[in-house]
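Data file: coords-v3.txt. Format and content: compact mmCIF, C-alpha atoms and all ligand atoms.
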```txt
# COMPACT_ATOMS: atom_id res chain seq x y z
CA MET A 284 -8.32 -21.67 6.33
CA THR A 285 -5.49 -19.21 5.88
CA ALA A 286 -6.11 -15.87 4.15
CA PHE A 287 -3.44 -14.02 2.20
CA LEU A 288 -2.44 -10.41 1.67
CA LEU A 289 -0.13 -9.94 -1.29
CA ASP A 290 2.07 -7.02 -2.17
CA MET A 291 2.43 -6.67 -5.94
CA ASP A 292 5.53 -4.80 -7.14
CA GLY A 293 8.55 -6.99 -6.42
CA VAL A 294 6.31 -9.98 -5.68
CA LEU A 295 4.17 -10.53 -8.81
CA TYR A 296 6.06 -8.28 -11.22
CA HIS A 297 9.03 -5.94 -11.37
CA GLY A 298 8.52 -3.05 -13.75
CA ASP A 299 6.68 -4.55 -16.72
CA LYS A 300 8.15 -8.01 -16.18
CA VAL A 301 6.04 -10.74 -14.59
CA LEU A 302 8.16 -12.63 -12.06
CA PRO A 303 8.65 -16.40 -12.52
CA GLY A 304 5.96 -18.52 -10.88
CA ALA A 305 3.76 -15.50 -10.10
CA ARG A 306 0.75 -16.50 -12.22
CA GLU A 307 0.77 -20.02 -10.80
CA PHE A 308 1.11 -18.76 -7.24
CA VAL A 309 -1.83 -16.37 -7.67
CA GLN A 310 -3.92 -19.18 -9.13
CA GLN A 311 -3.29 -21.28 -6.00
CA VAL A 312 -3.89 -18.39 -3.62
CA SER A 313 -7.15 -17.44 -5.37
CA ARG A 314 -8.78 -20.54 -3.87
CA HIS A 315 -8.38 -18.84 -0.49
CA LYS A 316 -9.52 -15.50 0.87
CA HIS A 317 -7.01 -12.99 -0.46
CA LEU A 318 -6.40 -9.34 -1.23
CA PHE A 319 -3.71 -7.54 -3.20
CA ILE A 320 -2.55 -4.50 -1.24
CA THR A 321 -0.36 -1.63 -2.35
CA ASN A 322 1.03 1.60 -0.93
CA ASN A 323 0.67 3.14 -4.39
CA PRO A 324 -2.33 5.53 -4.36
CA THR A 325 -1.94 6.72 -7.96
CA ARG A 326 -3.78 3.86 -9.73
CA SER A 327 -7.35 2.79 -8.99
CA PRO A 328 -8.19 -0.85 -8.22
CA SER A 329 -9.75 -1.29 -11.67
CA GLN A 330 -6.65 0.15 -13.35
CA VAL A 331 -4.48 -2.25 -11.32
CA ALA A 332 -6.78 -5.18 -12.20
CA ASP A 333 -6.59 -4.30 -15.92
CA ARG A 334 -2.80 -4.12 -15.75
CA LEU A 335 -2.57 -7.52 -14.03
CA THR A 336 -4.94 -9.00 -16.61
CA GLN A 337 -2.74 -7.64 -19.41
CA MET A 338 0.20 -9.35 -17.70
CA GLY A 339 -1.62 -12.68 -17.96
CA PHE A 340 -3.01 -13.02 -14.43
CA GLN A 341 -6.43 -14.66 -14.45
CA ASN A 342 -9.73 -13.64 -12.82
CA MET A 343 -8.46 -10.27 -11.62
CA CYS A 344 -11.13 -7.92 -10.29
CA ALA A 345 -11.09 -4.52 -8.63
CA GLU A 346 -12.72 -5.85 -5.44
CA ARG A 347 -9.61 -7.92 -4.71
CA ILE A 348 -7.33 -4.88 -4.77
CA LEU A 349 -6.89 -2.39 -1.94
CA THR A 350 -4.71 0.68 -2.46
CA SER A 351 -3.50 3.14 0.15
CA ALA A 352 -5.90 5.69 -1.37
CA ASP A 353 -8.86 3.32 -0.74
CA ALA A 354 -7.66 2.58 2.78
CA THR A 355 -7.22 6.31 3.46
CA ALA A 356 -10.80 7.06 2.35
CA LEU A 357 -12.17 4.19 4.46
CA TRP A 358 -10.17 5.24 7.49
CA LEU A 359 -11.21 8.90 7.21
CA ASN A 360 -14.83 7.83 6.93
CA GLN A 361 -14.47 5.79 10.12
CA GLN A 362 -12.99 8.81 11.91
CA LYS A 363 -15.69 11.15 10.66
CA PRO A 364 -18.47 9.91 8.37
CA GLY A 365 -19.01 12.37 5.51
CA PHE A 366 -15.61 13.96 6.17
CA ARG A 367 -14.41 17.18 4.50
CA TYR A 368 -10.94 17.17 3.06
CA PHE A 369 -8.28 19.06 1.20
CA ALA A 370 -6.15 16.69 -0.88
CA VAL A 371 -2.78 17.04 -2.58
CA GLY A 372 -1.76 14.25 -4.93
CA ALA A 373 -2.72 12.16 -7.93
CA LYS A 374 -6.09 12.37 -9.71
CA THR A 375 -6.97 8.89 -8.46
CA LEU A 376 -6.54 10.02 -4.85
CA HIS A 377 -9.00 12.88 -5.40
CA GLU A 378 -11.51 10.57 -7.09
CA THR A 379 -11.24 7.98 -4.32
CA LEU A 380 -11.72 10.49 -1.49
CA ALA A 381 -14.66 12.11 -3.30
CA LYS A 382 -16.60 8.83 -3.12
CA LEU A 383 -16.88 9.02 0.68
CA GLY A 384 -16.08 12.64 1.54
CA THR A 385 -16.43 16.21 0.29
CA GLU A 386 -13.61 18.38 -0.96
CA ASP A 387 -13.61 21.64 0.97
CA SER A 388 -10.45 23.73 0.98
CA GLY A 389 -12.04 26.22 3.39
CA ARG A 390 -13.34 23.92 6.14
CA ALA A 391 -11.48 20.65 5.74
CA ASP A 392 -11.33 18.17 8.65
CA PHE A 393 -8.33 16.49 7.03
CA VAL A 394 -5.43 17.52 4.83
CA VAL A 395 -4.54 14.43 2.82
CA VAL A 396 -1.19 14.17 1.07
CA GLY A 397 -0.51 11.38 -1.41
CA GLU A 398 1.80 10.48 -4.23
CA GLY A 399 1.63 12.05 -7.64
CA PRO A 400 1.54 15.63 -8.91
CA GLY A 401 -0.22 18.43 -7.04
CA LEU A 402 2.28 19.76 -4.52
CA ASP A 403 3.24 23.36 -5.14
CA TYR A 404 3.58 26.60 -3.17
CA GLU A 405 -0.18 27.24 -3.25
CA THR A 406 -1.33 23.78 -2.15
CA LEU A 407 1.32 23.67 0.57
CA THR A 408 0.17 27.08 1.84
CA THR A 409 -3.51 26.06 1.84
CA GLY A 410 -2.72 22.76 3.56
CA ILE A 411 -0.57 24.15 6.34
CA ASN A 412 -3.08 26.91 7.12
CA LEU A 413 -5.90 24.37 7.41
CA VAL A 414 -3.78 22.43 9.91
CA LEU A 415 -2.61 25.47 11.88
CA SER A 416 -5.76 27.64 11.85
CA ARG A 417 -8.62 25.17 11.46
CA LYS A 418 -7.05 22.24 13.34
CA ALA A 419 -7.40 19.96 10.31
CA ARG A 420 -5.60 16.66 10.81
CA LEU A 421 -2.63 15.89 8.55
CA VAL A 422 -2.87 12.46 6.87
CA GLY A 423 -0.49 10.73 4.45
CA THR A 424 -1.46 7.86 2.14
CA ASN A 425 1.94 6.17 2.40
CA PRO A 426 5.34 6.76 3.98
CA ASP A 427 7.65 5.78 1.08
CA ALA A 428 10.64 8.09 0.58
CA SER A 429 10.86 7.32 -3.14
CA VAL A 430 9.29 4.94 -5.63
CA ASP A 431 10.49 3.30 -8.83
CA SER A 432 8.74 4.07 -12.07
CA TRP A 433 9.24 2.63 -15.54
CA ALA A 434 8.47 4.52 -18.73
CA ASP A 435 9.43 3.08 -22.14
CA GLY A 436 11.70 0.58 -20.42
CA GLN A 437 13.60 3.33 -18.59
CA LYS A 438 13.66 3.29 -14.81
CA GLN A 439 13.08 6.57 -13.03
CA THR A 440 12.91 7.42 -9.33
CA LEU A 441 9.91 9.49 -8.26
CA PRO A 442 9.27 11.20 -4.92
CA GLY A 443 7.22 8.95 -2.64
CA GLY A 444 4.33 9.84 -0.36
CA GLY A 445 6.65 10.37 2.61
CA ALA A 446 8.79 12.89 0.72
CA LEU A 447 5.71 14.87 -0.34
CA LEU A 448 4.30 14.81 3.19
CA ALA A 449 7.54 16.06 4.75
CA PRO A 450 7.13 19.78 3.88
CA PHE A 451 3.66 19.79 5.53
CA GLU A 452 5.10 18.24 8.69
CA MET A 453 8.04 20.62 8.65
CA ALA A 454 5.90 23.73 8.23
CA THR A 455 3.25 22.74 10.80
CA GLY A 456 5.47 20.98 13.33
CA GLN A 457 2.91 18.15 13.35
CA LYS A 458 3.34 14.46 12.68
CA ALA A 459 0.95 13.08 10.09
CA MET A 460 -1.17 9.97 10.48
CA VAL A 461 0.12 7.65 7.76
CA ILE A 462 -2.09 4.89 6.33
CA GLY A 463 0.16 2.73 4.12
CA LYS A 464 2.57 -0.06 5.12
CA PRO A 465 4.28 -0.48 7.57
CA HIS A 466 1.62 1.46 9.52
CA ARG A 467 -1.35 -0.55 10.71
CA PHE A 468 -4.27 1.10 8.93
CA LEU A 469 -3.90 -0.41 5.44
CA TYR A 470 -3.61 -3.87 7.04
CA GLU A 471 -6.63 -3.19 9.27
CA MET A 472 -8.78 -2.16 6.30
CA ALA A 473 -7.63 -5.27 4.42
CA LEU A 474 -8.49 -7.60 7.33
CA GLU A 475 -11.87 -5.92 7.69
CA ARG A 476 -12.64 -6.41 4.01
CA LEU A 477 -11.69 -10.10 4.20
CA ALA A 478 -13.45 -10.50 7.55
CA VAL A 479 -10.50 -12.39 9.03
CA SER A 480 -8.32 -11.86 12.08
CA ALA A 481 -4.62 -11.09 11.81
CA ASP A 482 -3.52 -14.49 13.09
CA ASP A 483 -5.44 -16.23 10.28
CA CYS A 484 -3.61 -14.22 7.65
CA ILE A 485 -0.20 -14.33 5.96
CA MET A 486 1.38 -11.28 4.32
CA VAL A 487 3.54 -11.98 1.26
CA GLY A 488 5.90 -9.11 0.40
CA ASP A 489 9.33 -8.16 -0.91
CA ARG A 490 10.42 -5.59 1.70
CA PRO A 491 11.40 -6.41 5.27
CA ASP A 492 11.07 -2.78 6.43
CA THR A 493 7.49 -2.27 5.23
CA ASP A 494 5.63 -5.46 4.19
CA ILE A 495 7.15 -7.74 6.81
CA ALA A 496 7.69 -5.34 9.73
CA GLY A 497 4.14 -3.98 9.52
CA ALA A 498 2.49 -7.39 9.19
CA ALA A 499 4.54 -8.85 12.06
CA ALA A 500 3.50 -5.95 14.31
CA MET A 501 -0.13 -6.82 13.51
CA GLY A 502 0.44 -10.44 14.54
CA MET A 503 0.14 -11.79 11.01
CA GLY A 504 2.24 -14.55 9.47
CA THR A 505 4.96 -13.16 7.21
CA ALA A 506 6.55 -14.39 3.98
CA LEU A 507 9.32 -12.60 2.12
CA VAL A 508 10.36 -13.21 -1.47
CA ARG A 509 13.70 -11.80 -2.54
CA THR A 510 12.61 -10.69 -6.00
CA GLY A 511 12.11 -6.96 -5.44
CA ARG A 512 14.28 -4.39 -3.71
CA PHE A 513 15.67 -6.94 -1.23
CA LEU A 514 17.86 -9.47 -3.04
CA PRO A 515 19.13 -13.01 -2.30
CA GLY A 516 22.16 -12.94 0.01
CA ALA A 517 21.31 -9.55 1.55
CA PRO A 518 21.67 -9.76 5.36
CA TRP A 519 18.40 -9.41 7.29
CA PRO A 520 18.08 -5.80 8.52
CA LYS A 521 18.73 -5.30 12.24
CA GLY A 522 15.74 -4.53 14.44
CA ILE A 523 13.15 -6.19 12.17
CA ALA A 524 11.61 -9.53 13.14
CA LYS A 525 12.68 -12.28 10.75
CA ALA A 526 9.97 -13.38 8.31
CA ASP A 527 8.31 -16.75 9.00
CA TRP A 528 9.24 -17.69 5.42
CA ASP A 529 12.25 -16.15 3.66
CA MET A 530 12.46 -17.41 0.07
CA GLU A 531 14.33 -16.52 -3.10
CA ALA A 532 11.22 -16.67 -5.28
CA LEU A 533 7.48 -17.33 -5.29
CA ALA A 534 7.87 -20.87 -6.68
CA ASP A 535 9.91 -21.78 -3.56
CA LEU A 536 7.30 -20.20 -1.33
CA GLN A 537 4.51 -22.11 -3.08
CA THR A 538 6.38 -25.39 -2.46
CA ALA A 539 6.92 -24.48 1.20
CA PHE A 540 3.26 -23.49 1.68
CA GLN A 541 2.11 -26.73 0.08
CA ALA A 542 4.47 -28.79 2.25
CA ALA A 543 3.08 -27.03 5.33
CA GLY A 544 -0.50 -27.72 4.20
CA ILE A 545 -1.27 -24.00 3.91
CA LEU A 546 -1.98 -23.94 0.17
MG MG A 601 6.76 -4.41 -3.14
```
Take the structure in the file and give it back as C-alpha cells.
Amino acid sequence: MTAFLLDMDGVLYHGDKVLPGAREFVQQVSRHKHLFITNNPTRSPSQVADRLTQMGFQNMCAERILTSADATALWLNQQKPGFRYFAVGAKTLHETLAKLGTEDSGRADFVVVGEGPGLDYETLTTGINLVLSRKARLVGTNPDASVDSWADGQKQTLPGGGALLAPFEMATGQKAMVIGKPHRFLYEMALERLAVSADDCIMVGDRPDTDIAGAAAMGMGTALVRTGRFLPGAPWPKGIAKADWDMEALADLQTAFQAAGIL
C-alpha cells in the first residue's frame, strides 16, 4: 500500500485560503499511511494541526505533522544523543530542540539556525565563535531564501532559513548541514516515522526545486500540483527530473491516483 508525504502551503492552502479539493483529497489519503511535512520551523505540529482543523480539515493530529524543527531535533539526537546546542530562530525551534537536547551557549556541539526572529550581532558572534573555536557543527533547519507570510490579508515576504544561515556560513567559511527539503534529512525522518521505504512513498508538493527534486533524489514517487508558487503553463525547470504526476490541482491528482489504483 502506498504511503504519502504531503507538503501543505501551496498544496492544501495558500495563505488563509483552502485550495479546491484539498479537504476531499486529505480524506482519501488519510486511509493510507501519511505525513504532512513542512520546511517551516516556526509553528509546532499542534499549532499546525489546530490551524488545519480551523480550515475544515478533519481528524488532524500533531503526530501526523513533521516540521523541519522536529526533523532537526531528531537528526541531531541521532548524531549525538543528549546533544548540546546553541540555537538562533523562532521560539518553537528552541522549544523543539529542548525536548531532546540541552541549550549550552558555552559548550554547544551544534549551532542551529532556523527561521524567525533571533539573529542579531550578539547571536551571530556567539554562533561563529562556537563553530570556529569549539568546532561546533553548523546546522540549518531549512534552505529557503525567502518565505511568504500573510497578516490581515496582506502578503509579506520574510527572510527564509537559508538567508539567516548565510551570515554564519560567510563568517566561518563553513557549509552548514541543512535538514529541510530538498535535502534528504526531513524525508528520511518522515520515512522512519511512517516505517516505509522511499519506493513505497509518493511526495505531493507544489515546488519542483524543493518538494519534487528532493523526493526524486530519495527514489520516491513524485506528484506536483500547480497551485502554489509554480503555476499552470510554467515550463518545467531545467535540470530537475520531471514529476511522475504533474497536475493543475489536487482534484485532478485524486482522479489520476484513483485511476491508477493508488488511492
Ligand atoms: Mg509548498
* To do: Tell me, as number ranges by chain, which residues lie within 10 Å of Ser329 (chain A), counting all atoms listed in the file; anything in the same chain fewer than 4 positions away does not count.
  => A: 333-335, 343-348
* Within 7 Å of ligand MG 601 (chain A), which residues show up when you count only C-alpha atoms and all ligand atoms? List them as a list in words, please. =>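 For ligand MG 601 (chain A), the residues inside 7 Å are Asp290, Met291, Asp292, Gly293, Val294, Gly488, Asp489, Arg490 and Gly511 of chain A.
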* Hey, what's within 7 Å of region 322-328 of chain A if we count only C-alpha atoms and toss same-chain stuff fewer than 6 positions away? As a PyMOL selection string, please? -> chain A and resi 345+348-352+373+375-376+397-399+424-425+463-464
* Asked: Of the residues A:Leu413, A:Leu383, A:Ala534, A:Ala524, which is the one nearest to Arg509 (chain A), using all atoms listed in the file?
  ->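 Smallest separation from Arg509 (chain A) among the options: A:Ala534.
Coordinates place CA of His317 (chain A) at a distance of 18.2 Å from CA of Ala543 (chain A).
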Determine, using all atoms listed in the file, which residues of region 381-423 of chain A have any atom at most 12 Å from an atom of region 436-458 of chain A, and tabulate each with its shortest atom pair and distance in Å to one decimal place, rows ordered by chain and then rising number, as CSV.
```
residue,atom,partner,partner_atom,distance
A:Val394,CA,A:Phe451,CA,9.4
A:Val395,CA,A:Leu448,CA,8.9
A:Val396,CA,A:Leu448,CA,5.9
A:Gly397,CA,A:Gly444,CA,5.2
A:Glu398,CA,A:Gly444,CA,4.7
A:Gly399,CA,A:Gly444,CA,8.1
A:Pro400,CA,A:Leu447,CA,9.6
A:Gly401,CA,A:Leu447,CA,9.6
A:Leu402,CA,A:Leu447,CA,7.3
A:Asp403,CA,A:Leu447,CA,10.1
A:Tyr404,CA,A:Pro450,CA,10.4
A:Thr406,CA,A:Phe451,CA,10.0
A:Leu407,CA,A:Phe451,CA,6.7
A:Thr408,CA,A:Phe451,CA,8.9
A:Thr409,CA,A:Phe451,CA,10.2
A:Gly410,CA,A:Phe451,CA,7.3
A:Ile411,CA,A:Thr455,CA,6.0
A:Asn412,CA,A:Thr455,CA,8.4
A:Leu413,CA,A:Thr455,CA,9.9
A:Val414,CA,A:Thr455,CA,7.1
A:Leu415,CA,A:Thr455,CA,6.6
A:Ser416,CA,A:Thr455,CA,10.3
A:Lys418,CA,A:Thr455,CA,10.6
A:Ala419,CA,A:Gln457,CA,10.9
A:Arg420,CA,A:Gln457,CA,9.0
A:Leu421,CA,A:Lys458,CA,7.4
A:Val422,CA,A:Leu448,CA,8.4
A:Gly423,CA,A:Leu448,CA,6.4
```
* **Selection as a VMD selection string: residues within 8 Å of (0.2, -13.2, 10.8), counting all atoms listed in the file** => chain A and resid 481 to 486 498 to 499 501 to 505
* Best match for closeness to Gly516 (chain A) among A:Met530, A:Ile495, A:Trp433, A:Gln361, counting all atoms listed in the file ->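 Closest residue, counting all atoms listed in the file: A:Met530.
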* Asked: From the list A:Ser429, A:Thr538, A:Thr493, A:Gln362, which residue is nearest Gln311 (chain A) when using all atoms listed in the file?
  -> A:Thr538
